[in-house]
Amino acid sequence: LGSDTGGSIRLPSALCGLTGFKPAFGAIPADGVVPLSWSLDHAGPMCRTATDAALLYAVLAGRPAAPFRGVRRLRLGVPRAFFYEDLAPPMQAAMDEALKRLASLTSGVEETRLPELAADPELGRMPALFLAIISAEAYAFHRGMLRQTPELYSPGIRRSLENGAGIEAADYIAARREMERQRASIAAHFGSADLLIVPAAPGPAFPLGQPPDLRYLRFCAPWNFWGLPALALPCGAAPEGLPLGMQIIGKPGREDQIFALAEAWQSETSWHARRPAQP
């Protein structure tokens, strides 16, 4: 099980060859989850296969699994603006091949456009409204402990949390109102598509010990902002063998379509079955 505020289910799943599902906002209760951002936190499964993720999601959400049988009829949308920019060559090649294979499994792939989220160029092109909300809410939860026991936080985490103190109330409220407005209308931007296909990350995992790079979250965080269900699953491998992952995005309440396409993909490919070479 994982929690996902900006990609913490989907990104490690994508970088490790797993299948990770972030449900629609509120689909799984977050009771008992230590919050990072009440408005953006999601809980969900991290599994080897889409079939396992669908089964576990049904249990967590308290609803029976309802299989979707019409994969051939599904229409796929590709929002190239932002979501297909600045990809590492292996990631670009993997997505090109994935879209061809997905088109053969469904009724086809078409280009679509989503609302533009103004991005902060200094913070990995992360959505500015997302950053305002997560910063303010994370600080609100942690501020008492930061004052009482600051030594329990690592310096980097402490600095990140304390940055939230600088978010003005008016800016936070405006960001929240805009998020709610976009969540209410985002499904209309799918156009004629049932599902959207985007990369999960700009490339394979970066070396252990390298400073975290927010660029790796920029394809994941918008779906937390919009509250849409998103599933990450393996779609290839870099030349050095590291996994590459893509995302399938659906509309709230149509998780069945996401899992159906993911299961069809994994029945046609073997990326999810790969194991690291043993020393």
# chains A, B, ... in the order shown; residues from 1 in each chain; ligands from 1
>>> select_by_dssp(residues="stretch 95-147 of chain A", states="helix (DSSP H, G or I)", output="PyMOL selection string")
chain A and resi 95-105+121-123+128-147
>>> write_last_selection(atoms="C-alpha atoms", output="PDB file, in the first residue's frame")
ATOM      1  CA  MET A  95       6.126   5.789 -25.444  1.00  0.00           C
ATOM      2  CA  ASP A  96       6.121   5.850 -29.246  1.00  0.00           C
ATOM      3  CA  GLU A  97       6.082   2.053 -29.315  1.00  0.00           C
ATOM      4  CA  ALA A  98       3.500   1.838 -26.520  1.00  0.00           C
ATOM      5  CA  LEU A  99       1.096   4.151 -28.341  1.00  0.00           C
ATOM      6  CA  LYS A 100       1.337   2.026 -31.481  1.00  0.00           C
ATOM      7  CA  ARG A 101       0.560  -1.149 -29.555  1.00  0.00           C
ATOM      8  CA  LEU A 102      -2.231   0.478 -27.560  1.00  0.00           C
ATOM      9  CA  ALA A 103      -3.800   1.732 -30.780  1.00  0.00           C
ATOM     10  CA  SER A 104      -3.945  -1.859 -32.018  1.00  0.00           C
ATOM     11  CA  LEU A 105      -5.697  -2.984 -28.816  1.00  0.00           C
ATOM     12  CA  PRO A 121      10.432  26.726 -13.765  1.00  0.00           C
ATOM     13  CA  GLU A 122      12.692  26.774 -10.694  1.00  0.00           C
ATOM     14  CA  LEU A 123      10.985  23.753  -9.136  1.00  0.00           C
ATOM     15  CA  ALA A 128       2.416  26.443  -9.190  1.00  0.00           C
ATOM     16  CA  LEU A 129      -1.108  26.000  -7.767  1.00  0.00           C
ATOM     17  CA  PHE A 130      -0.234  22.465  -6.670  1.00  0.00           C
ATOM     18  CA  LEU A 131       2.876  23.759  -4.898  1.00  0.00           C
ATOM     19  CA  ALA A 132       0.926  26.481  -3.085  1.00  0.00           C
ATOM     20  CA  ILE A 133      -1.616  23.971  -1.754  1.00  0.00           C
ATOM     21  CA  ILE A 134       0.825  21.262  -0.713  1.00  0.00           C
ATOM     22  CA  SER A 135       3.198  23.763   0.934  1.00  0.00           C
ATOM     23  CA  ALA A 136       0.490  25.488   2.981  1.00  0.00           C
ATOM     24  CA  GLU A 137      -1.231  22.281   4.091  1.00  0.00           C
ATOM     25  CA  ALA A 138       1.975  20.427   4.945  1.00  0.00           C
ATOM     26  CA  TYR A 139       3.111  23.334   7.110  1.00  0.00           C
ATOM     27  CA  ALA A 140      -0.312  23.551   8.784  1.00  0.00           C
ATOM     28  CA  PHE A 141      -0.078  19.916   9.884  1.00  0.00           C
ATOM     29  CA  HIS A 142       3.569  19.994  10.985  1.00  0.00           C
ATOM     30  CA  ARG A 143       3.960  23.486  12.464  1.00  0.00           C
ATOM     31  CA  GLY A 144       3.287  22.441  16.067  1.00  0.00           C
ATOM     32  CA  MET A 145       5.863  19.653  15.915  1.00  0.00           C
ATOM     33  CA  LEU A 146       8.311  21.890  14.061  1.00  0.00           C
ATOM     34  CA  ARG A 147       8.169  24.329  16.972  1.00  0.00           C
TER      35      ARG A 147
END
>>> closest_atom_pairs(of="stretch 46-153 of chain A", to="stretch 15-28 of chain A", cutoff="8 Å", atoms="only C-alpha atoms", output="JSON lines")
{"residue": "A:Met46", "atom": "CA", "partner": "A:Gly20", "partner_atom": "CA", "distance": 4.3}
{"residue": "A:Cys47", "atom": "CA", "partner": "A:Thr19", "partner_atom": "CA", "distance": 5.2}
{"residue": "A:Arg48", "atom": "CA", "partner": "A:Leu18", "partner_atom": "CA", "distance": 5.2}
{"residue": "A:Thr49", "atom": "CA", "partner": "A:Thr19", "partner_atom": "CA", "distance": 5.6}
{"residue": "A:Ala50", "atom": "CA", "partner": "A:Thr19", "partner_atom": "CA", "distance": 6.1}
{"residue": "A:Ala53", "atom": "CA", "partner": "A:Phe21", "partner_atom": "CA", "distance": 6.9}
{"residue": "A:Leu60", "atom": "CA", "partner": "A:Ile28", "partner_atom": "CA", "distance": 6.3}
{"residue": "A:Ala61", "atom": "CA", "partner": "A:Ile28", "partner_atom": "CA", "distance": 5.0}
>>> write_last_selection(atoms="all heavy atoms", output="PDB file, in the first residue's frame")
ATOM      1  N   MET A  46       0.148  -0.845  -4.676  1.00  0.00           N
ATOM      2  CA  MET A  46       1.341  -1.024  -5.503  1.00  0.00           C
ATOM      3  C   MET A  46       1.536  -2.533  -5.646  1.00  0.00           C
ATOM      4  O   MET A  46       1.747  -3.226  -4.654  1.00  0.00           O
ATOM      5  CB  MET A  46       2.560  -0.372  -4.853  1.00  0.00           C
ATOM      6  CG  MET A  46       2.384   1.115  -4.580  1.00  0.00           C
ATOM      7  SD  MET A  46       3.688   1.827  -3.540  1.00  0.00           S
ATOM      8  CE  MET A  46       5.057   1.842  -4.696  1.00  0.00           C
ATOM      9  N   CYS A  47       1.432  -3.037  -6.871  1.00  0.00           N
ATOM     10  CA  CYS A  47       1.378  -4.481  -7.104  1.00  0.00           C
ATOM     11  C   CYS A  47       2.287  -4.886  -8.263  1.00  0.00           C
ATOM     12  O   CYS A  47       2.839  -4.039  -8.956  1.00  0.00           O
ATOM     13  CB  CYS A  47      -0.059  -4.906  -7.416  1.00  0.00           C
ATOM     14  SG  CYS A  47      -1.254  -4.529  -6.111  1.00  0.00           S
ATOM     15  N   ARG A  48       2.384  -6.189  -8.479  1.00  0.00           N
ATOM     16  CA  ARG A  48       3.144  -6.690  -9.620  1.00  0.00           C
ATOM     17  C   ARG A  48       2.340  -6.548 -10.904  1.00  0.00           C
ATOM     18  O   ARG A  48       2.894  -6.252 -11.957  1.00  0.00           O
ATOM     19  CB  ARG A  48       3.515  -8.165  -9.378  1.00  0.00           C
ATOM     20  CG  ARG A  48       4.217  -8.830 -10.549  1.00  0.00           C
ATOM     21  CD  ARG A  48       5.531  -8.180 -10.900  1.00  0.00           C
ATOM     22  NE  ARG A  48       6.525  -8.360  -9.845  1.00  0.00           N
ATOM     23  CZ  ARG A  48       7.738  -7.830  -9.896  1.00  0.00           C
ATOM     24  NH1 ARG A  48       8.109  -7.099 -10.936  1.00  0.00           N
ATOM     25  NH2 ARG A  48       8.585  -8.022  -8.918  1.00  0.00           N
ATOM     26  N   THR A  49       1.021  -6.751 -10.830  1.00  0.00           N
ATOM     27  CA  THR A  49       0.196  -6.736 -12.034  1.00  0.00           C
ATOM     28  C   THR A  49      -1.027  -5.841 -11.865  1.00  0.00           C
ATOM     29  O   THR A  49      -1.454  -5.538 -10.744  1.00  0.00           O
ATOM     30  CB  THR A  49      -0.294  -8.152 -12.389  1.00  0.00           C
ATOM     31  OG1 THR A  49      -1.234  -8.579 -11.379  1.00  0.00           O
ATOM     32  CG2 THR A  49       0.863  -9.136 -12.471  1.00  0.00           C
ATOM     33  N   ALA A  50      -1.617  -5.480 -12.994  1.00  0.00           N
ATOM     34  CA  ALA A  50      -2.850  -4.695 -12.971  1.00  0.00           C
ATOM     35  C   ALA A  50      -3.996  -5.504 -12.375  1.00  0.00           C
ATOM     36  O   ALA A  50      -4.878  -4.948 -11.709  1.00  0.00           O
ATOM     37  CB  ALA A  50      -3.195  -4.241 -14.385  1.00  0.00           C
ATOM     38  N   ALA A  53      -3.726  -5.194  -8.706  1.00  0.00           N
ATOM     39  CA  ALA A  53      -4.082  -3.840  -8.290  1.00  0.00           C
ATOM     40  C   ALA A  53      -5.597  -3.654  -8.305  1.00  0.00           C
ATOM     41  O   ALA A  53      -6.166  -3.009  -7.410  1.00  0.00           O
ATOM     42  CB  ALA A  53      -3.411  -2.815  -9.203  1.00  0.00           C
ATOM     43  N   LEU A  60     -10.027  -2.172  -0.888  1.00  0.00           N
ATOM     44  CA  LEU A  60      -9.780  -0.908  -0.207  1.00  0.00           C
ATOM     45  C   LEU A  60     -10.940   0.066  -0.362  1.00  0.00           C
ATOM     46  O   LEU A  60     -11.282   0.817   0.563  1.00  0.00           O
ATOM     47  CB  LEU A  60      -8.501  -0.269  -0.747  1.00  0.00           C
ATOM     48  CG  LEU A  60      -7.191  -1.006  -0.453  1.00  0.00           C
ATOM     49  CD1 LEU A  60      -6.059  -0.418  -1.274  1.00  0.00           C
ATOM     50  CD2 LEU A  60      -6.863  -0.950   1.029  1.00  0.00           C
ATOM     51  N   ALA A  61     -11.555   0.078  -1.552  1.00  0.00           N
ATOM     52  CA  ALA A  61     -12.652   1.003  -1.818  1.00  0.00           C
ATOM     53  C   ALA A  61     -13.990   0.469  -1.324  1.00  0.00           C
ATOM     54  O   ALA A  61     -14.986   1.204  -1.336  1.00  0.00           O
ATOM     55  CB  ALA A  61     -12.729   1.292  -3.313  1.00  0.00           C
TER      56      ALA A  61
END
>>> atom_distance(atom1="atom CA of A:Ala205", atom2="atom CA of A:Asp86")
15.4 Å
>>> residues_around(residues="stretch 247-261 of chain A", least_positions_apart="3", cutoff="7 Å", atoms="only C-alpha atoms", output="PyMOL selection string")
chain A and resi 24+50+54+66-68+71+187+194-200+228-233+264-265
>>> write_last_selection(atoms="C-alpha atoms", output="PDB file, in the first residue's frame")
ATOM      1  CA  ALA A  24      -9.767   9.245  -7.778  1.00  0.00           C
ATOM      2  CA  ALA A  50      -2.850  -4.695 -12.971  1.00  0.00           C
ATOM      3  CA  ALA A  54      -7.730  -4.106  -9.388  1.00  0.00           C
ATOM      4  CA  ALA A  66     -16.750  -4.880 -11.977  1.00  0.00           C
ATOM      5  CA  PRO A  67     -14.751  -6.027 -15.010  1.00  0.00           C
ATOM      6  CA  PHE A  68     -14.954  -3.965 -18.194  1.00  0.00           C
ATOM      7  CA  VAL A  71     -11.290  -2.686 -24.495  1.00  0.00           C
ATOM      8  CA  ALA A 187     -13.462  15.293 -17.554  1.00  0.00           C
ATOM      9  CA  ASP A 194     -12.182   7.547 -22.668  1.00  0.00           C
ATOM     10  CA  LEU A 195      -8.634   7.345 -21.269  1.00  0.00           C
ATOM     11  CA  LEU A 196      -5.453   9.398 -21.491  1.00  0.00           C
ATOM     12  CA  ILE A 197      -1.946   7.983 -21.959  1.00  0.00           C
ATOM     13  CA  VAL A 198       1.125   9.841 -20.658  1.00  0.00           C
ATOM     14  CA  PRO A 199       4.624   8.950 -19.399  1.00  0.00           C
ATOM     15  CA  ALA A 200       5.015   8.381 -15.677  1.00  0.00           C
ATOM     16  CA  LEU A 228      -8.344  11.806 -11.433  1.00  0.00           C
ATOM     17  CA  PRO A 229      -7.588   8.078 -11.153  1.00  0.00           C
ATOM     18  CA  ALA A 230      -4.169   7.248 -12.620  1.00  0.00           C
ATOM     19  CA  LEU A 231      -2.341   3.949 -12.973  1.00  0.00           C
ATOM     20  CA  ALA A 232       1.398   3.578 -13.645  1.00  0.00           C
ATOM     21  CA  LEU A 233       2.696   0.407 -15.246  1.00  0.00           C
ATOM     22  CA  ALA A 264      -4.933  -6.071 -21.893  1.00  0.00           C
ATOM     23  CA  TRP A 265      -1.536  -4.348 -22.142  1.00  0.00           C
TER      24      TRP A 265
END
>>> select_by_dssp(residues="stretch 56-239 of chain A", states="strand (DSSP E)", output="PDB file with C-alpha atoms, in the first residue's frame")
ATOM      1  CA  LEU A  76      -7.358   6.897 -26.124  1.00  0.00           C
ATOM      2  CA  GLY A  77      -6.225  10.499 -25.860  1.00  0.00           C
ATOM      3  CA  VAL A  78      -2.637  11.767 -25.927  1.00  0.00           C
ATOM      4  CA  VAL A 109      -5.324   7.112 -30.361  1.00  0.00           C
ATOM      5  CA  GLU A 110      -6.028  10.798 -30.873  1.00  0.00           C
ATOM      6  CA  GLU A 111      -4.397  14.021 -29.710  1.00  0.00           C
ATOM      7  CA  ALA A 119       4.448  25.752 -13.838  1.00  0.00           C
ATOM      8  CA  ASP A 120       7.268  26.941 -11.600  1.00  0.00           C
ATOM      9  CA  MET A 126       5.779  21.580 -11.101  1.00  0.00           C
ATOM     10  CA  PRO A 127       2.314  23.217 -11.196  1.00  0.00           C
ATOM     11  CA  LEU A 195      -8.634   7.345 -21.269  1.00  0.00           C
ATOM     12  CA  LEU A 196      -5.453   9.398 -21.491  1.00  0.00           C
ATOM     13  CA  ILE A 197      -1.946   7.983 -21.959  1.00  0.00           C
ATOM     14  CA  VAL A 198       1.125   9.841 -20.658  1.00  0.00           C
ATOM     15  CA  PRO A 199       4.624   8.950 -19.399  1.00  0.00           C
ATOM     16  CA  ALA A 230      -4.169   7.248 -12.620  1.00  0.00           C
ATOM     17  CA  LEU A 231      -2.341   3.949 -12.973  1.00  0.00           C
ATOM     18  CA  ALA A 232       1.398   3.578 -13.645  1.00  0.00           C
ATOM     19  CA  LEU A 233       2.696   0.407 -15.246  1.00  0.00           C
ATOM     20  CA  PRO A 234       5.853  -0.791 -17.051  1.00  0.00           C
ATOM     21  CA  CYS A 235       6.123   0.009 -20.752  1.00  0.00           C
ATOM     22  CA  GLY A 236       9.786  -0.635 -21.578  1.00  0.00           C
ATOM     23  CA  ALA A 237      13.363  -0.595 -20.383  1.00  0.00           C
TER      24      ALA A 237
END
>>> atom_distance(atom1="atom CA of A:Pro276", atom2="atom CA of A:Ala262")
22.0 Å
>>> decode(residues="stretch 175-189 of chain A", atoms="all heavy atoms", output="PDB file, in the first residue's frame")
ATOM      1  N   ALA A 175      -5.876  29.286  -4.723  1.00  0.00           N
ATOM      2  CA  ALA A 175      -5.405  28.037  -5.329  1.00  0.00           C
ATOM      3  C   ALA A 175      -6.415  26.919  -5.112  1.00  0.00           C
ATOM      4  O   ALA A 175      -6.695  26.121  -6.019  1.00  0.00           O
ATOM      5  CB  ALA A 175      -4.044  27.647  -4.762  1.00  0.00           C
ATOM      6  N   ARG A 176      -6.980  26.850  -3.913  1.00  0.00           N
ATOM      7  CA  ARG A 176      -7.979  25.820  -3.612  1.00  0.00           C
ATOM      8  C   ARG A 176      -9.234  26.005  -4.455  1.00  0.00           C
ATOM      9  O   ARG A 176      -9.791  25.037  -4.986  1.00  0.00           O
ATOM     10  CB  ARG A 176      -8.353  25.880  -2.130  1.00  0.00           C
ATOM     11  CG  ARG A 176      -7.421  25.108  -1.196  1.00  0.00           C
ATOM     12  CD  ARG A 176      -7.698  23.666  -1.243  1.00  0.00           C
ATOM     13  NE  ARG A 176      -9.130  23.382  -1.346  1.00  0.00           N
ATOM     14  CZ  ARG A 176      -9.731  22.400  -0.708  1.00  0.00           C
ATOM     15  NH1 ARG A 176      -9.034  21.626   0.085  1.00  0.00           N
ATOM     16  NH2 ARG A 176     -11.023  22.179  -0.856  1.00  0.00           N
ATOM     17  N   ARG A 177      -9.691  27.235  -4.586  1.00  0.00           N
ATOM     18  CA  ARG A 177     -10.902  27.494  -5.383  1.00  0.00           C
ATOM     19  C   ARG A 177     -10.680  27.119  -6.845  1.00  0.00           C
ATOM     20  O   ARG A 177     -11.556  26.545  -7.491  1.00  0.00           O
ATOM     21  CB  ARG A 177     -11.322  28.960  -5.256  1.00  0.00           C
ATOM     22  CG  ARG A 177     -11.986  29.285  -3.926  1.00  0.00           C
ATOM     23  CD  ARG A 177     -12.293  30.768  -3.814  1.00  0.00           C
ATOM     24  NE  ARG A 177     -13.180  31.234  -4.861  1.00  0.00           N
ATOM     25  CZ  ARG A 177     -14.511  31.149  -4.829  1.00  0.00           C
ATOM     26  NH1 ARG A 177     -15.107  30.599  -3.784  1.00  0.00           N
ATOM     27  NH2 ARG A 177     -15.255  31.618  -5.807  1.00  0.00           N
ATOM     28  N   GLU A 178      -9.500  27.451  -7.376  1.00  0.00           N
ATOM     29  CA  GLU A 178      -9.212  27.115  -8.761  1.00  0.00           C
ATOM     30  C   GLU A 178      -9.097  25.603  -8.941  1.00  0.00           C
ATOM     31  O   GLU A 178      -9.543  25.056  -9.958  1.00  0.00           O
ATOM     32  CB  GLU A 178      -7.932  27.806  -9.216  1.00  0.00           C
ATOM     33  CG  GLU A 178      -7.512  27.510 -10.651  1.00  0.00           C
ATOM     34  CD  GLU A 178      -8.542  27.927 -11.692  1.00  0.00           C
ATOM     35  OE1 GLU A 178      -9.440  28.738 -11.371  1.00  0.00           O
ATOM     36  OE2 GLU A 178      -8.455  27.431 -12.840  1.00  0.00           O
ATOM     37  N   MET A 179      -8.521  24.918  -7.959  1.00  0.00           N
ATOM     38  CA  MET A 179      -8.435  23.462  -8.034  1.00  0.00           C
ATOM     39  C   MET A 179      -9.829  22.847  -8.074  1.00  0.00           C
ATOM     40  O   MET A 179     -10.099  21.951  -8.902  1.00  0.00           O
ATOM     41  CB  MET A 179      -7.654  22.913  -6.840  1.00  0.00           C
ATOM     42  CG  MET A 179      -7.492  21.391  -6.859  1.00  0.00           C
ATOM     43  SD  MET A 179      -6.778  20.740  -5.335  1.00  0.00           S
ATOM     44  CE  MET A 179      -8.179  20.959  -4.214  1.00  0.00           C
ATOM     45  N   GLU A 180     -10.723  23.293  -7.223  1.00  0.00           N
ATOM     46  CA  GLU A 180     -12.075  22.744  -7.207  1.00  0.00           C
ATOM     47  C   GLU A 180     -12.799  23.035  -8.518  1.00  0.00           C
ATOM     48  O   GLU A 180     -13.547  22.190  -9.026  1.00  0.00           O
ATOM     49  CB  GLU A 180     -12.868  23.323  -6.024  1.00  0.00           C
ATOM     50  CG  GLU A 180     -12.330  22.946  -4.651  1.00  0.00           C
ATOM     51  CD  GLU A 180     -12.350  21.446  -4.389  1.00  0.00           C
ATOM     52  OE1 GLU A 180     -13.117  20.720  -5.058  1.00  0.00           O
ATOM     53  OE2 GLU A 180     -11.585  20.981  -3.531  1.00  0.00           O
ATOM     54  N   ARG A 181     -12.575  24.206  -9.090  1.00  0.00           N
ATOM     55  CA  ARG A 181     -13.204  24.540 -10.357  1.00  0.00           C
ATOM     56  C   ARG A 181     -12.721  23.600 -11.454  1.00  0.00           C
ATOM     57  O   ARG A 181     -13.522  23.089 -12.247  1.00  0.00           O
ATOM     58  CB  ARG A 181     -12.901  25.994 -10.735  1.00  0.00           C
ATOM     59  CG  ARG A 181     -13.629  26.472 -11.982  1.00  0.00           C
ATOM     60  CD  ARG A 181     -13.108  27.810 -12.457  1.00  0.00           C
ATOM     61  NE  ARG A 181     -11.784  27.697 -13.033  1.00  0.00           N
ATOM     62  CZ  ARG A 181     -11.544  27.274 -14.284  1.00  0.00           C
ATOM     63  NH1 ARG A 181     -12.548  26.916 -15.075  1.00  0.00           N
ATOM     64  NH2 ARG A 181     -10.309  27.204 -14.741  1.00  0.00           N
ATOM     65  N   GLN A 182     -11.409  23.374 -11.493  1.00  0.00           N
ATOM     66  CA  GLN A 182     -10.873  22.509 -12.532  1.00  0.00           C
ATOM     67  C   GLN A 182     -11.263  21.049 -12.315  1.00  0.00           C
ATOM     68  O   GLN A 182     -11.501  20.314 -13.279  1.00  0.00           O
ATOM     69  CB  GLN A 182      -9.355  22.668 -12.616  1.00  0.00           C
ATOM     70  CG  GLN A 182      -8.922  24.024 -13.142  1.00  0.00           C
ATOM     71  CD  GLN A 182      -7.481  24.038 -13.615  1.00  0.00           C
ATOM     72  OE1 GLN A 182      -6.923  23.018 -14.001  1.00  0.00           O
ATOM     73  NE2 GLN A 182      -6.858  25.217 -13.591  1.00  0.00           N
ATOM     74  N   ARG A 183     -11.316  20.600 -11.070  1.00  0.00           N
ATOM     75  CA  ARG A 183     -11.743  19.222 -10.815  1.00  0.00           C
ATOM     76  C   ARG A 183     -13.165  18.980 -11.314  1.00  0.00           C
ATOM     77  O   ARG A 183     -13.485  17.902 -11.801  1.00  0.00           O
ATOM     78  CB  ARG A 183     -11.658  18.907  -9.315  1.00  0.00           C
ATOM     79  CG  ARG A 183     -10.251  18.649  -8.818  1.00  0.00           C
ATOM     80  CD  ARG A 183     -10.225  18.244  -7.357  1.00  0.00           C
ATOM     81  NE  ARG A 183      -8.869  17.896  -6.945  1.00  0.00           N
ATOM     82  CZ  ARG A 183      -8.533  17.489  -5.719  1.00  0.00           C
ATOM     83  NH1 ARG A 183      -9.475  17.376  -4.777  1.00  0.00           N
ATOM     84  NH2 ARG A 183      -7.278  17.202  -5.432  1.00  0.00           N
ATOM     85  N   ALA A 184     -14.008  19.990 -11.211  1.00  0.00           N
ATOM     86  CA  ALA A 184     -15.396  19.830 -11.623  1.00  0.00           C
ATOM     87  C   ALA A 184     -15.551  19.759 -13.134  1.00  0.00           C
ATOM     88  O   ALA A 184     -16.552  19.228 -13.633  1.00  0.00           O
ATOM     89  CB  ALA A 184     -16.237  20.984 -11.076  1.00  0.00           C
ATOM     90  N   SER A 185     -14.559  20.268 -13.875  1.00  0.00           N
ATOM     91  CA  SER A 185     -14.707  20.358 -15.329  1.00  0.00           C
ATOM     92  C   SER A 185     -13.670  19.555 -16.110  1.00  0.00           C
ATOM     93  O   SER A 185     -13.732  19.506 -17.338  1.00  0.00           O
ATOM     94  CB  SER A 185     -14.624  21.821 -15.765  1.00  0.00           C
ATOM     95  OG  SER A 185     -13.356  22.380 -15.440  1.00  0.00           O
ATOM     96  N   ILE A 186     -12.725  18.908 -15.427  1.00  0.00           N
ATOM     97  CA  ILE A 186     -11.598  18.301 -16.130  1.00  0.00           C
ATOM     98  C   ILE A 186     -12.038  17.180 -17.061  1.00  0.00           C
ATOM     99  O   ILE A 186     -11.465  16.998 -18.150  1.00  0.00           O
ATOM    100  CB  ILE A 186     -10.532  17.788 -15.127  1.00  0.00           C
ATOM    101  CG1 ILE A 186      -9.283  17.306 -15.861  1.00  0.00           C
ATOM    102  CG2 ILE A 186     -11.098  16.703 -14.230  1.00  0.00           C
ATOM    103  CD1 ILE A 186      -8.599  18.361 -16.700  1.00  0.00           C
ATOM    104  N   ALA A 187     -13.055  16.413 -16.713  1.00  0.00           N
ATOM    105  CA  ALA A 187     -13.462  15.293 -17.554  1.00  0.00           C
ATOM    106  C   ALA A 187     -13.901  15.757 -18.940  1.00  0.00           C
ATOM    107  O   ALA A 187     -13.745  15.035 -19.926  1.00  0.00           O
ATOM    108  CB  ALA A 187     -14.584  14.502 -16.884  1.00  0.00           C
ATOM    109  N   ALA A 188     -14.419  16.992 -19.035  1.00  0.00           N
ATOM    110  CA  ALA A 188     -14.856  17.507 -20.329  1.00  0.00           C
ATOM    111  C   ALA A 188     -13.688  17.720 -21.279  1.00  0.00           C
ATOM    112  O   ALA A 188     -13.869  17.743 -22.502  1.00  0.00           O
ATOM    113  CB  ALA A 188     -15.613  18.819 -20.138  1.00  0.00           C
ATOM    114  N   HIS A 189     -12.477  17.848 -20.733  1.00  0.00           N
ATOM    115  CA  HIS A 189     -11.297  18.089 -21.559  1.00  0.00           C
ATOM    116  C   HIS A 189     -10.738  16.805 -22.161  1.00  0.00           C
ATOM    117  O   HIS A 189      -9.781  16.868 -22.935  1.00  0.00           O
ATOM    118  CB  HIS A 189     -10.222  18.805 -20.737  1.00  0.00           C
ATOM    119  CG  HIS A 189     -10.586  20.216 -20.389  1.00  0.00           C
ATOM    120  ND1 HIS A 189     -10.359  21.271 -21.231  1.00  0.00           N
ATOM    121  CD2 HIS A 189     -11.186  20.736 -19.290  1.00  0.00           C
ATOM    122  CE1 HIS A 189     -10.790  22.393 -20.665  1.00  0.00           C
ATOM    123  NE2 HIS A 189     -11.302  22.089 -19.482  1.00  0.00           N
TER     124      HIS A 189
END
